[in-house]
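J.: Dropping in entry12.cif, which is mmCIF, C-alpha atoms:
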```cif
data_model
#
loop_
_atom_site.label_atom_id
_atom_site.label_comp_id
_atom_site.auth_asym_id
_atom_site.auth_seq_id
_atom_site.Cartn_x
_atom_site.Cartn_y
_atom_site.Cartn_z
CA MET A 16 32.92 22.21 61.54
CA THR A 17 30.50 20.12 59.61
CA GLN A 18 31.03 16.88 57.72
CA PRO A 19 28.74 14.43 56.00
CA ILE A 20 27.64 11.46 58.06
CA THR A 21 27.27 8.42 55.81
CA SER A 22 28.02 4.81 56.29
CA PRO A 23 29.69 2.73 53.58
CA SER A 24 26.75 0.32 53.36
CA THR A 25 24.29 3.18 52.97
CA SER A 26 26.42 4.65 50.25
CA VAL A 27 26.61 1.39 48.33
CA ALA A 28 22.87 0.85 48.64
CA GLY A 29 22.26 4.41 47.59
CA GLU A 30 24.53 4.02 44.62
CA LEU A 31 22.75 0.80 43.69
CA ALA A 32 19.36 2.45 43.98
CA SER A 33 20.59 5.38 41.91
CA LEU A 34 21.87 2.97 39.30
CA LEU A 35 18.54 1.14 39.23
CA LEU A 36 16.75 4.44 38.89
CA GLU A 37 18.99 5.43 36.00
CA ILE A 38 18.48 2.08 34.29
CA GLU A 39 14.70 2.32 34.59
CA THR A 40 14.79 5.90 33.36
CA ASN A 41 16.76 4.80 30.32
CA GLN A 42 14.39 1.88 29.80
CA SER A 43 11.41 4.19 29.99
CA GLU A 44 12.98 6.60 27.54
CA SER A 45 13.81 3.76 25.17
CA SER A 46 10.25 2.46 25.36
CA ARG A 47 8.89 5.90 24.65
CA LEU A 48 11.13 6.20 21.60
CA ALA A 49 9.93 2.79 20.42
CA ARG A 50 6.35 3.88 21.00
CA ASP A 51 6.85 7.06 18.98
CA ALA A 52 8.42 5.08 16.15
CA ALA A 53 5.55 2.57 16.20
CA ARG A 54 3.06 5.40 16.16
CA GLU A 55 4.76 6.98 13.16
CA ASN A 56 4.67 3.61 11.45
CA TYR A 57 0.99 3.25 12.30
CA LEU A 58 0.15 6.59 10.74
CA GLU A 59 2.25 5.86 7.67
CA GLN A 60 0.69 2.43 7.12
CA SER A 61 -2.80 3.84 7.63
CA GLU A 62 -2.08 6.54 5.07
CA GLN A 63 -0.88 3.94 2.58
CA GLN A 64 -3.98 1.87 3.26
CA VAL A 65 -6.20 4.85 2.53
CA ASN A 66 -4.23 5.66 -0.64
CA ALA A 67 -4.59 2.07 -1.83
CA LEU A 68 -8.34 2.15 -1.18
CA HIS A 69 -8.67 5.39 -3.15
CA ALA A 70 -6.63 3.87 -5.97
CA ALA A 71 -8.94 0.85 -5.92
CA ALA A 72 -11.92 3.19 -6.18
CA ASP A 73 -10.28 4.96 -9.13
CA ALA A 74 -9.65 1.62 -10.83
CA THR A 75 -13.26 0.60 -10.27
CA ARG A 76 -14.40 3.91 -11.74
CA ALA A 77 -12.13 3.54 -14.75
CA GLY A 78 -13.31 -0.01 -15.33
CA ALA A 79 -16.93 1.06 -15.08
CA PHE A 80 -16.42 3.91 -17.55
CA ILE A 81 -14.60 1.70 -20.05
CA SER A 82 -17.23 -0.99 -19.70
CA ALA A 83 -20.04 1.53 -20.12
CA GLY A 84 -18.37 3.10 -23.12
CA LEU A 85 -17.86 -0.22 -24.84
CA THR A 86 -21.40 -1.34 -24.05
CA VAL A 87 -22.86 1.88 -25.37
CA ALA A 88 -20.70 1.57 -28.47
CA SER A 89 -21.79 -2.02 -28.89
CA GLY A 90 -25.44 -1.00 -28.64
CA GLY A 91 -24.93 1.88 -31.04
CA PHE A 92 -23.22 -0.36 -33.56
CA ALA A 93 -26.04 -2.86 -33.17
CA VAL A 94 -28.56 -0.13 -33.95
CA GLY A 95 -26.45 0.90 -36.92
CA ALA A 96 -26.30 -2.67 -38.11
CA ALA A 97 -30.09 -2.97 -37.81
CA THR A 98 -30.80 0.20 -39.70
CA SER A 99 -28.31 -0.29 -42.50
CA CYS A 100 -27.73 -2.96 -45.05
CA GLY A 101 -24.95 -4.44 -47.07
CA PRO A 102 -21.29 -4.06 -46.07
CA ASP A 103 -22.09 -1.33 -43.60
CA ALA A 104 -24.42 -3.60 -41.71
CA ARG A 105 -21.79 -6.30 -41.55
CA LEU A 106 -19.17 -3.78 -40.40
CA PHE A 107 -21.50 -2.41 -37.75
CA SER A 108 -22.41 -5.88 -36.66
CA ALA A 109 -18.78 -6.93 -36.39
CA SER A 110 -17.96 -3.75 -34.48
CA SER A 111 -20.87 -4.34 -32.14
CA LYS A 112 -19.75 -7.90 -31.50
CA THR A 113 -16.14 -6.81 -30.97
CA CYS A 114 -17.13 -4.11 -28.49
CA GLY A 115 -19.46 -6.50 -26.69
CA ASP A 116 -16.77 -9.14 -26.48
CA LEU A 117 -14.18 -6.67 -25.20
CA THR A 118 -16.42 -5.26 -22.48
CA ALA A 119 -16.03 -7.98 -19.88
CA PRO A 120 -12.27 -8.61 -20.28
CA LEU A 121 -11.40 -4.92 -20.22
CA ARG A 122 -13.67 -4.28 -17.25
CA SER A 123 -11.95 -7.11 -15.45
CA LEU A 124 -8.46 -6.04 -16.49
CA VAL A 125 -8.76 -2.32 -15.85
CA GLY A 126 -11.34 -2.32 -13.08
CA GLU A 127 -12.04 -5.43 -11.09
CA SER A 128 -8.63 -7.13 -11.10
CA THR A 129 -6.74 -3.92 -10.44
CA ALA A 130 -9.19 -2.90 -7.73
CA ALA A 131 -8.94 -6.33 -6.11
CA ASP A 132 -5.16 -6.10 -6.22
CA LEU A 133 -5.18 -2.65 -4.66
CA GLN A 134 -7.66 -3.74 -2.02
CA ALA A 135 -5.34 -6.61 -1.12
CA THR A 136 -2.55 -4.05 -0.78
CA ALA A 137 -4.80 -1.93 1.40
CA LYS A 138 -5.53 -4.97 3.55
CA LEU A 139 -1.81 -5.59 3.93
CA HIS A 140 -1.23 -2.00 5.08
CA GLU A 141 -4.21 -2.26 7.42
CA THR A 142 -2.66 -5.33 9.01
CA LEU A 143 0.72 -3.61 9.31
CA ALA A 144 -0.96 -0.55 10.81
CA GLU A 145 -2.73 -2.72 13.35
CA GLN A 146 0.57 -4.40 14.17
CA ALA A 147 2.22 -0.99 14.62
CA LYS A 148 -0.64 0.03 16.90
CA TRP A 149 -0.08 -3.04 19.04
CA GLU A 150 3.64 -2.28 19.14
CA ALA A 151 2.90 1.27 20.24
CA SER A 152 0.57 -0.02 22.93
CA ASP A 153 3.15 -2.56 24.08
CA ALA A 154 5.83 0.14 24.17
CA SER A 155 3.53 2.36 26.24
CA THR A 156 2.94 -0.49 28.66
CA SER A 157 6.68 -1.13 28.83
CA ALA A 158 7.34 2.56 29.52
CA ASP A 159 4.71 2.55 32.27
CA LYS A 160 6.27 -0.51 33.84
CA ALA A 161 9.71 1.08 33.68
CA ASP A 162 8.27 4.20 35.32
CA ARG A 163 6.80 2.11 38.11
CA ARG A 164 10.07 0.28 38.62
CA GLY A 165 11.78 3.66 38.67
CA ASP A 166 9.32 4.79 41.31
CA LYS A 167 10.15 1.75 43.36
CA ALA A 168 13.85 2.49 43.03
CA LEU A 169 13.14 6.05 44.08
CA ASP A 170 11.17 4.78 47.06
CA LEU A 171 14.11 2.60 47.94
CA LEU A 172 16.47 5.53 47.63
CA GLN A 173 14.21 7.68 49.78
CA GLY A 174 13.99 4.92 52.37
CA ILE A 175 17.75 4.68 52.46
CA GLN A 176 18.03 8.44 52.81
CA SER A 177 15.41 8.40 55.55
CA ASP A 178 17.26 5.68 57.40
CA SER A 179 20.45 7.67 57.01
CA ASN A 180 18.77 10.75 58.39
CA SER A 181 17.36 8.81 61.32
CA SER A 182 20.79 7.43 62.05
CA ALA A 183 22.32 10.88 61.87
CA ASN A 184 19.70 12.26 64.24
CA ALA A 185 20.28 9.38 66.62
CA ILE A 186 24.00 10.06 66.52
CA ILE A 187 23.37 13.74 67.20
CA GLY A 188 21.27 12.72 70.14
CA ARG A 189 24.13 10.63 71.46
CA ILE A 190 26.83 13.31 71.07
CA MET B 24 23.55 15.42 51.47
CA LEU B 25 22.69 15.59 55.06
CA ALA B 26 25.24 17.73 57.00
CA VAL B 27 25.21 18.15 60.73
CA ALA B 28 27.50 19.61 63.39
CA SER B 29 29.65 16.72 64.46
CA ASN B 30 31.76 18.37 67.12
CA THR B 31 29.45 20.66 69.01
CA SER B 32 30.56 21.34 72.58
CA PRO B 33 28.30 22.88 75.27
CA THR B 34 30.49 26.01 75.25
CA ASP B 35 30.08 26.53 71.53
CA ARG B 36 26.44 27.53 71.74
CA TRP B 37 26.60 30.28 69.16
CA GLN B 38 27.72 27.76 66.59
CA GLY B 39 24.65 25.70 67.46
CA VAL B 40 22.45 28.73 66.93
CA SER B 41 24.19 29.30 63.62
CA SER B 42 23.45 25.70 62.64
CA ALA B 43 19.82 26.22 63.59
CA ASN B 44 19.76 29.28 61.36
CA ASP B 45 21.28 27.20 58.56
CA SER B 46 18.56 24.63 59.06
CA GLN B 47 15.99 27.39 58.96
CA ALA B 48 17.52 28.59 55.72
CA SER B 49 17.48 25.08 54.29
CA LEU B 50 13.87 24.75 55.43
CA SER B 51 12.95 27.87 53.49
CA GLY B 52 14.94 26.56 50.56
CA ALA B 53 13.09 23.26 50.69
CA CYS B 54 9.77 25.09 50.79
CA ALA B 55 10.83 27.23 47.85
CA LEU B 56 11.97 24.12 46.00
CA LEU B 57 8.64 22.47 46.77
CA ALA B 58 6.78 25.50 45.45
CA ILE B 59 8.78 25.43 42.23
CA LEU B 60 8.31 21.70 41.79
CA VAL B 61 4.60 21.87 42.48
CA GLN B 62 4.28 24.77 40.09
CA THR B 63 6.09 22.80 37.40
CA GLN B 64 3.89 19.77 37.94
CA THR B 65 0.81 21.96 37.95
CA VAL B 66 1.81 23.36 34.57
CA SER B 67 2.39 19.81 33.40
CA GLN B 68 -1.02 18.74 34.65
CA ALA B 69 -2.70 21.73 33.03
CA GLY B 70 -1.01 20.86 29.72
CA ALA B 71 -2.12 17.24 30.00
CA LYS B 72 -5.68 18.29 30.83
CA THR B 73 -5.72 20.62 27.83
CA ASP B 74 -4.46 17.79 25.64
CA ILE B 75 -7.19 15.52 26.97
CA GLU B 76 -9.89 18.08 26.32
CA LEU B 77 -8.61 18.76 22.80
CA GLY B 78 -8.35 15.03 22.18
CA ALA B 79 -11.92 14.51 23.33
CA GLU B 80 -13.14 17.27 21.00
CA GLN B 81 -11.15 15.78 18.13
CA LEU B 82 -12.63 12.37 18.86
CA GLU B 83 -16.15 13.82 18.73
CA GLU B 84 -15.42 15.52 15.40
CA ILE B 85 -13.79 12.41 13.95
CA LYS B 86 -16.70 10.23 15.03
CA LYS B 87 -19.11 12.58 13.28
CA GLN B 88 -17.03 12.52 10.11
CA LEU B 89 -16.77 8.76 10.35
CA ALA B 90 -20.53 8.42 10.72
CA ASP B 91 -21.04 10.74 7.72
CA ALA B 92 -18.61 8.73 5.61
CA ILE B 93 -20.31 5.46 6.53
CA ARG B 94 -23.75 6.93 5.79
CA GLN B 95 -22.60 8.27 2.41
CA ALA B 96 -21.00 4.91 1.62
CA GLU B 97 -24.32 3.20 2.38
CA GLU B 98 -26.19 5.66 0.20
CA ALA B 99 -23.70 5.14 -2.64
CA ALA B 100 -24.08 1.37 -2.25
CA GLU B 101 -27.86 1.71 -2.49
CA GLN B 102 -27.59 3.90 -5.59
CA SER B 103 -25.06 1.51 -7.09
CA GLY B 104 -27.42 -1.41 -6.48
CA PHE B 105 -30.39 0.45 -7.95
CA PHE B 106 -28.59 1.50 -11.13
CA GLY B 107 -26.98 -1.91 -11.39
CA PHE B 108 -30.45 -3.43 -11.28
CA LEU B 109 -31.61 -1.06 -14.02
CA GLY B 110 -28.51 -1.89 -16.04
CA ASP B 111 -29.20 -5.60 -15.68
CA VAL B 112 -32.83 -5.12 -16.68
CA PHE B 113 -32.01 -3.06 -19.77
CA GLY B 114 -28.79 -4.79 -20.75
CA GLY B 115 -30.06 -8.21 -19.76
CA GLU B 116 -33.76 -8.98 -19.82
CA ILE B 117 -35.01 -6.30 -22.21
CA ALA B 118 -32.12 -6.75 -24.63
CA GLN B 119 -32.56 -10.54 -24.54
CA ILE B 120 -36.31 -10.33 -25.10
CA ALA B 121 -35.80 -7.86 -27.93
CA GLY B 122 -33.13 -10.13 -29.36
CA ALA B 123 -35.46 -13.11 -29.15
CA VAL B 124 -38.27 -11.17 -30.80
CA ALA B 125 -35.85 -10.02 -33.51
CA ALA B 126 -34.68 -13.58 -34.06
CA VAL B 127 -38.26 -14.90 -34.31
CA ALA B 128 -39.26 -12.04 -36.59
CA ALA B 129 -36.21 -12.58 -38.76
CA THR B 130 -36.98 -16.25 -38.93
CA ILE B 131 -40.56 -15.51 -39.91
CA ALA B 132 -39.38 -12.94 -42.45
CA THR B 133 -36.99 -15.41 -44.05
CA GLY B 134 -38.93 -18.57 -43.30
CA GLY B 135 -41.00 -18.47 -46.50
CA ALA B 136 -43.10 -21.62 -46.67
CA ALA B 137 -42.24 -22.54 -43.13
CA ALA B 138 -43.80 -19.34 -41.83
CA PRO B 139 -47.27 -20.75 -41.25
CA LEU B 140 -45.76 -23.64 -39.34
CA LEU B 141 -43.75 -21.23 -37.23
CA LEU B 142 -46.82 -19.18 -36.58
CA MET B 143 -48.74 -22.25 -35.51
CA THR B 144 -45.95 -23.15 -33.18
CA LEU B 145 -45.89 -19.63 -31.81
CA SER B 146 -49.66 -19.66 -31.40
CA ALA B 147 -49.52 -22.93 -29.54
CA ALA B 148 -46.74 -21.62 -27.35
CA LEU B 149 -48.68 -18.46 -26.54
CA GLN B 150 -51.78 -20.48 -25.77
CA ALA B 151 -49.82 -22.77 -23.49
CA GLY B 152 -48.22 -19.77 -21.84
CA ALA B 153 -51.58 -18.21 -21.15
CA LYS B 154 -52.90 -21.43 -19.65
CA ILE B 155 -49.88 -22.13 -17.49
CA GLY B 156 -49.70 -18.47 -16.47
CA ALA B 157 -53.30 -18.56 -15.29
CA GLU B 158 -52.60 -21.68 -13.25
CA LEU B 159 -49.53 -20.08 -11.71
CA GLY B 160 -51.48 -16.98 -10.71
CA LEU B 161 -50.26 -14.65 -13.45
CA ASP B 162 -52.11 -11.41 -13.94
CA PRO B 163 -55.45 -12.30 -15.67
CA LYS B 164 -55.06 -9.34 -18.02
CA LEU B 165 -51.70 -10.63 -19.17
CA CYS B 166 -53.12 -14.12 -19.64
CA MET B 167 -55.93 -12.64 -21.67
CA ALA B 168 -53.43 -10.73 -23.80
CA LEU B 169 -51.48 -13.92 -24.40
CA SER B 170 -54.68 -15.71 -25.43
CA ILE B 171 -55.64 -12.93 -27.82
CA ALA B 172 -52.15 -12.94 -29.30
CA SER B 173 -52.34 -16.69 -29.66
CA ALA B 174 -55.66 -16.43 -31.45
CA ALA B 175 -54.38 -13.69 -33.73
CA VAL B 176 -51.25 -15.59 -34.63
CA GLY B 177 -53.32 -18.73 -35.15
CA LEU B 178 -55.66 -16.80 -37.40
CA CYS B 179 -52.72 -15.56 -39.44
CA SER B 180 -51.39 -19.07 -39.76
CA GLY B 181 -54.82 -20.36 -40.68
CA VAL B 182 -55.34 -17.92 -43.50
CA GLY B 183 -51.79 -18.30 -44.81
CA SER B 184 -52.27 -17.61 -48.45
CA ALA B 185 -49.24 -16.69 -50.49
CA GLN B 186 -50.10 -13.00 -50.41
CA ALA B 187 -50.66 -13.05 -46.70
CA VAL B 188 -47.38 -14.85 -46.22
CA GLY B 189 -45.61 -12.16 -48.21
CA ALA B 190 -47.17 -9.38 -46.18
CA LEU B 191 -46.36 -11.25 -43.02
CA ALA B 192 -42.72 -11.62 -44.06
CA ASN B 193 -42.54 -7.96 -44.82
CA GLY B 194 -44.05 -7.05 -41.48
CA ALA B 195 -41.84 -9.50 -39.67
CA SER B 196 -38.81 -7.96 -41.33
CA LYS B 197 -39.80 -4.55 -40.01
CA VAL B 198 -40.44 -6.03 -36.61
CA ALA B 199 -37.02 -7.62 -36.69
CA VAL B 200 -35.39 -4.29 -37.48
CA VAL B 201 -37.31 -2.53 -34.74
CA ALA B 202 -36.49 -5.32 -32.30
CA LYS B 203 -32.82 -5.12 -33.16
CA VAL B 204 -32.89 -1.35 -32.68
CA VAL B 205 -34.62 -1.87 -29.35
CA GLN B 206 -32.04 -4.49 -28.44
CA GLY B 207 -29.18 -2.17 -29.31
CA GLY B 208 -30.81 0.72 -27.47
CA ALA B 209 -31.47 -1.44 -24.43
CA THR B 210 -27.90 -2.65 -24.47
CA ALA B 211 -26.60 0.90 -24.67
CA THR B 212 -28.99 2.06 -21.94
CA GLY B 213 -27.93 -0.86 -19.80
CA GLY B 214 -24.32 0.15 -20.37
CA VAL B 215 -25.07 3.70 -19.25
CA PHE B 216 -26.85 2.47 -16.14
CA ASN B 217 -24.03 0.06 -15.39
CA GLY B 218 -21.59 2.93 -15.81
CA ILE B 219 -23.57 5.03 -13.34
CA SER B 220 -23.67 2.05 -11.02
CA GLY B 221 -19.90 1.72 -11.33
CA GLU B 222 -19.47 5.40 -10.54
CA TYR B 223 -21.55 4.99 -7.37
CA ARG B 224 -19.58 1.87 -6.52
CA ALA B 225 -16.38 3.91 -6.87
CA GLN B 226 -17.90 6.61 -4.67
CA GLN B 227 -18.73 3.95 -2.12
CA LEU B 228 -15.11 2.77 -2.14
CA ASP B 229 -13.93 6.38 -1.80
CA GLU B 230 -16.18 6.86 1.21
CA GLN B 231 -14.92 3.62 2.68
CA ALA B 232 -11.37 4.87 2.18
CA ASP B 233 -12.29 8.09 3.95
CA ALA B 234 -13.84 6.05 6.73
CA ALA B 235 -10.60 4.11 7.03
CA ARG B 236 -8.73 7.42 7.25
CA TYR B 237 -11.05 8.65 10.01
CA GLN B 238 -10.60 5.37 11.85
CA ALA B 239 -6.84 5.79 11.62
CA GLN B 240 -7.15 9.34 12.93
CA ASP B 241 -9.36 8.02 15.70
CA GLY B 242 -6.68 5.51 16.60
CA ALA B 243 -4.00 8.21 16.58
CA VAL B 244 -6.07 10.45 18.83
CA ASP B 245 -6.69 7.48 21.12
CA LEU B 246 -2.96 6.98 21.42
CA SER B 247 -2.46 10.69 22.10
CA LEU B 248 -5.16 10.56 24.77
CA GLU B 249 -3.43 7.59 26.35
CA ASP B 250 -0.25 9.65 26.43
CA ALA B 251 -2.01 12.63 27.93
CA PHE B 252 -3.61 10.48 30.61
CA ALA B 253 -0.26 8.85 31.35
CA LEU B 254 1.37 12.28 31.55
CA LEU B 255 -1.34 13.54 33.90
CA GLN B 256 -1.02 10.45 36.04
CA SER B 257 2.74 10.78 36.09
CA ALA B 258 2.52 14.49 36.98
CA LEU B 259 0.16 13.77 39.84
CA ARG B 260 2.35 10.94 41.07
CA THR B 261 5.47 13.06 40.80
CA GLN B 262 3.82 15.95 42.60
CA GLN B 263 2.78 13.65 45.40
CA ARG B 264 6.28 12.20 45.58
CA GLU B 265 7.93 15.60 45.55
CA THR B 266 5.61 16.82 48.28
CA SER B 267 6.34 13.81 50.44
CA THR B 268 10.06 14.12 49.76
CA VAL B 269 10.17 17.78 50.72
CA SER B 270 7.99 17.00 53.74
CA ALA B 271 10.51 14.37 54.74
CA ILE B 272 13.33 16.90 54.32
CA ILE B 273 11.49 19.43 56.44
CA GLN B 274 10.68 16.77 59.01
CA ASN B 275 14.31 15.74 59.08
CA ASP B 276 15.43 19.34 59.50
CA SER B 277 12.92 19.75 62.28
CA ASP B 278 14.12 16.59 63.97
CA THR B 279 17.70 17.75 63.61
CA ASN B 280 16.84 21.14 65.07
CA THR B 281 15.01 19.50 67.91
CA ALA B 282 17.97 17.25 68.61
CA LEU B 283 20.40 20.13 68.44
CA THR B 284 18.22 22.32 70.63
CA SER B 285 17.92 19.65 73.22
CA ARG B 286 21.65 19.21 73.21
CA ILE B 287 22.44 22.94 73.60
#
```
As a first step, turn the structure in this file into structure tokens.
T.:
Amino acid sequence: MTQPITSPSTSVAGELASLLLEIETNQSESSRLARDAARENYLEQSEQQVNALHAAADATRAGAFISAGLTVASGGFAVGAATSCGPDARLFSASSKTCGDLTAPLRSLVGESTAADLQATAKLHETLAEQAKWEASDASTSADKADRRGDKALDLLQGIQSDSNSSANAIIGRI
Amino acid sequence: MLAVASNTSPTDRWQGVSSANDSQASLSGACALLAILVQTQTVSQAGAKTDIELGAEQLEEIKKQLADAIRQAEEAAEQSGFFGFLGDVFGGEIAQIAGAVAAVAATIATGGAAAPLLLMTLSAALQAGAKIGAELGLDPKLCMALSIASAAVGLCSGVGSAQAVGALANGASKVAVVAKVVQGGATATGGVFNGISGEYRAQQLDEQADAARYQAQDGAVDLSLEDAFALLQSALRTQQRETSTVSAIIQNDSDTNTALTSRI
């Protein structure tokens, strides 16, 4: 007939070690979930940063094209004003002046201001992405620490088991 | 759970042998378990190593793409600066000079009796410019041209008869028209160059955005590599632990067998 040889104290210690191991396993799993979430957030923020930078580039391009178009029109009207006379010359001259005056404000409105705004947005997403990266790194560190604590709990459990085995062998020797 | 014979009498030797056989069976089971565990961890390690190798290759590729993007952004910035400079020259300096010439010519054309005085002033200004330019180290040919222009303008002002003034006004009017055309053309050309510069500036921003994307990918691959290294480390640690645990089980079985054998 065989029966398990365990002492109450060993059992309690074993249960405690098992509980610690379970807690650390849960902690590790939780940290890994947090790390995955932070990594997703990092990728999402980085993507938004890149999109904002591309939008800023598009705004700069649009501003440059509008500015160039108005400047060319202004120059063309100036040539027309120089080569014509009478009401046409005045009309061309006024058109040239209007186009020239509109160039800078429209370039600023469509291009520079919008691009600066979008670049600020990109900077915000860059900061958030960096923050998410730190959070992911912290979560990884936390998971590693939980793993190490779990290892220690496992060591403790193995030590308890080893002690139990030694005790059992000693008892067998005494039978 | 450790299980041992707790009531083994010297007469019940066959039961002891049976227990030894059970221990032998558990020993084989432990070895089989160890083999399975080691195999699992080996697969895990191989997967982690593959991930690390793939991650390293991805990092290499991303770094190349990042370097390309940065180089193209620098090239676009250079082109943007060059065309911006041309735009400033045409839309700024040349247009302003042409505008000034047109204004002077228009003034001369409409100045009437004041034309000779304006010409004298212009002659004096050109003369002074030539002199100061020579002192400042300006190109001697340019200084000579300024002096000749000064003399010519002075000559015109000196011989300012009514007929000459009329011809001068007529010529100045044509010069004013040409100067205005040049001014308008320079402005338009400057606008075109500034537009090209803006396009290159936009390309530069696009490349910078791509560089930011590659940096983000680089960061993501770094995180994946960290994971793979952690997984490899964990697999190695687990394998070592499992080996030591199974060794302890086998050692314990051996000790138990030894104790039982000595008691039989």
J.: Using only C-alpha atoms, I'd like a table of the residues in chain A that come within 7 Å of chain B; for each, show the closest atom pair and its distance in Å rounded to one decimal, ordered by chain and ascending number, as a Markdown table.
T.:
```
| residue | atom | partner | partner_atom | distance |
| --- | --- | --- | --- | --- |
| A:Met16 | CA | B:Ala28 | CA | 6.3 |
| A:Thr17 | CA | B:Ala28 | CA | 4.9 |
| A:Gln18 | CA | B:Ala26 | CA | 5.9 |
| A:Pro19 | CA | B:Ala26 | CA | 4.9 |
| A:Ile20 | CA | B:Ala26 | CA | 6.8 |
| A:Ser61 | CA | B:Ala239 | CA | 6.0 |
| A:Val65 | CA | B:Ala232 | CA | 5.2 |
| A:Leu68 | CA | B:Ala232 | CA | 5.3 |
| A:His69 | CA | B:Asp229 | CA | 5.5 |
| A:Ala72 | CA | B:Ala225 | CA | 4.6 |
| A:Asp73 | CA | B:Ala225 | CA | 6.6 |
| A:Thr75 | CA | B:Ala225 | CA | 5.7 |
| A:Arg76 | CA | B:Ala225 | CA | 5.3 |
| A:Ala79 | CA | B:Gly221 | CA | 4.8 |
| A:Phe80 | CA | B:Gly218 | CA | 5.5 |
| A:Ala83 | CA | B:Gly214 | CA | 4.5 |
| A:Thr86 | CA | B:Gly214 | CA | 4.9 |
| A:Val87 | CA | B:Ala211 | CA | 3.9 |
| A:Gly90 | CA | B:Gly207 | CA | 4.0 |
| A:Gly91 | CA | B:Gly207 | CA | 6.1 |
| A:Ala93 | CA | B:Gly207 | CA | 5.0 |
| A:Val94 | CA | B:Val204 | CA | 4.7 |
| A:Ala97 | CA | B:Val200 | CA | 5.5 |
| A:Thr98 | CA | B:Val200 | CA | 6.8 |
| A:Asn180 | CA | B:Asn275 | CA | 6.7 |
| A:Asn184 | CA | B:Thr279 | CA | 5.9 |
| A:Ile187 | CA | B:Ala282 | CA | 6.6 |
| A:Gly188 | CA | B:Ala282 | CA | 5.8 |
```
J.: Pick the closest to Ala258 in chain B from B:Glu84, B:Ala157, B:Val61, B:Thr133: which is it, counting only C-alpha atoms?
T.: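 Going through B:Glu84, B:Ala157, B:Val61, B:Thr133 one by one, the smallest distance to Ala258 in chain B is for B:Val61.
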J.: With distances taken over only C-alpha atoms, which residue among A:Ala119, A:Leu31, A:Ala131, A:Ala96 lies nearest Ala67 in chain A?
T.: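 Once distances to Ala67 in chain A are computed over only C-alpha atoms, the minimum belongs to A:Ala131.
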J.: Using the chain letters and residue numbers of this document, give as a list in words the residues selected by the PyMOL selection byres ((chain A and resi 137) around 10).
T.: Gln60, Ser61, Glu62, Gln63, Gln64, Val65, Asn66, Ala67, Leu68, His69, Ala70, Ala71, Ala131, Asp132, Leu133, Gln134, Ala135, Thr136, Lys138, Leu139, His140, Glu141, Thr142 and Leu143 of chain A; Ala232 of chain B
J.: One decimal, in Å: what's the spacing between CA of Gly194 in chain B and CA of Pro102 in chain A?
T.: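 CA of Gly194 in chain B sits 23.4 Å away from CA of Pro102 in chain A.
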J.: Could you list, as a CSV table (one decimal) with C-alpha atoms, keeping the file's coordinate frame, every residue matched by the PyMOL selection byres ((chain A and resi 52) around 12) in this structure?
T.:
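Writing the result to part_20.csv gives the following:
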```csv
chain,number,residue,atom,x,y,z
A,45,SER,CA,13.8,3.8,25.2
A,46,SER,CA,10.2,2.5,25.4
A,47,ARG,CA,8.9,5.9,24.6
A,48,LEU,CA,11.1,6.2,21.6
A,49,ALA,CA,9.9,2.8,20.4
A,50,ARG,CA,6.4,3.9,21.0
A,51,ASP,CA,6.8,7.1,19.0
A,53,ALA,CA,5.6,2.6,16.2
A,54,ARG,CA,3.1,5.4,16.2
A,55,GLU,CA,4.8,7.0,13.2
A,56,ASN,CA,4.7,3.6,11.4
A,57,TYR,CA,1.0,3.2,12.3
A,58,LEU,CA,0.2,6.6,10.7
A,59,GLU,CA,2.2,5.9,7.7
A,147,ALA,CA,2.2,-1.0,14.6
A,148,LYS,CA,-0.6,0.0,16.9
A,150,GLU,CA,3.6,-2.3,19.1
A,151,ALA,CA,2.9,1.3,20.2
A,152,SER,CA,0.6,0.0,22.9
A,154,ALA,CA,5.8,0.1,24.2
A,155,SER,CA,3.5,2.4,26.2
```
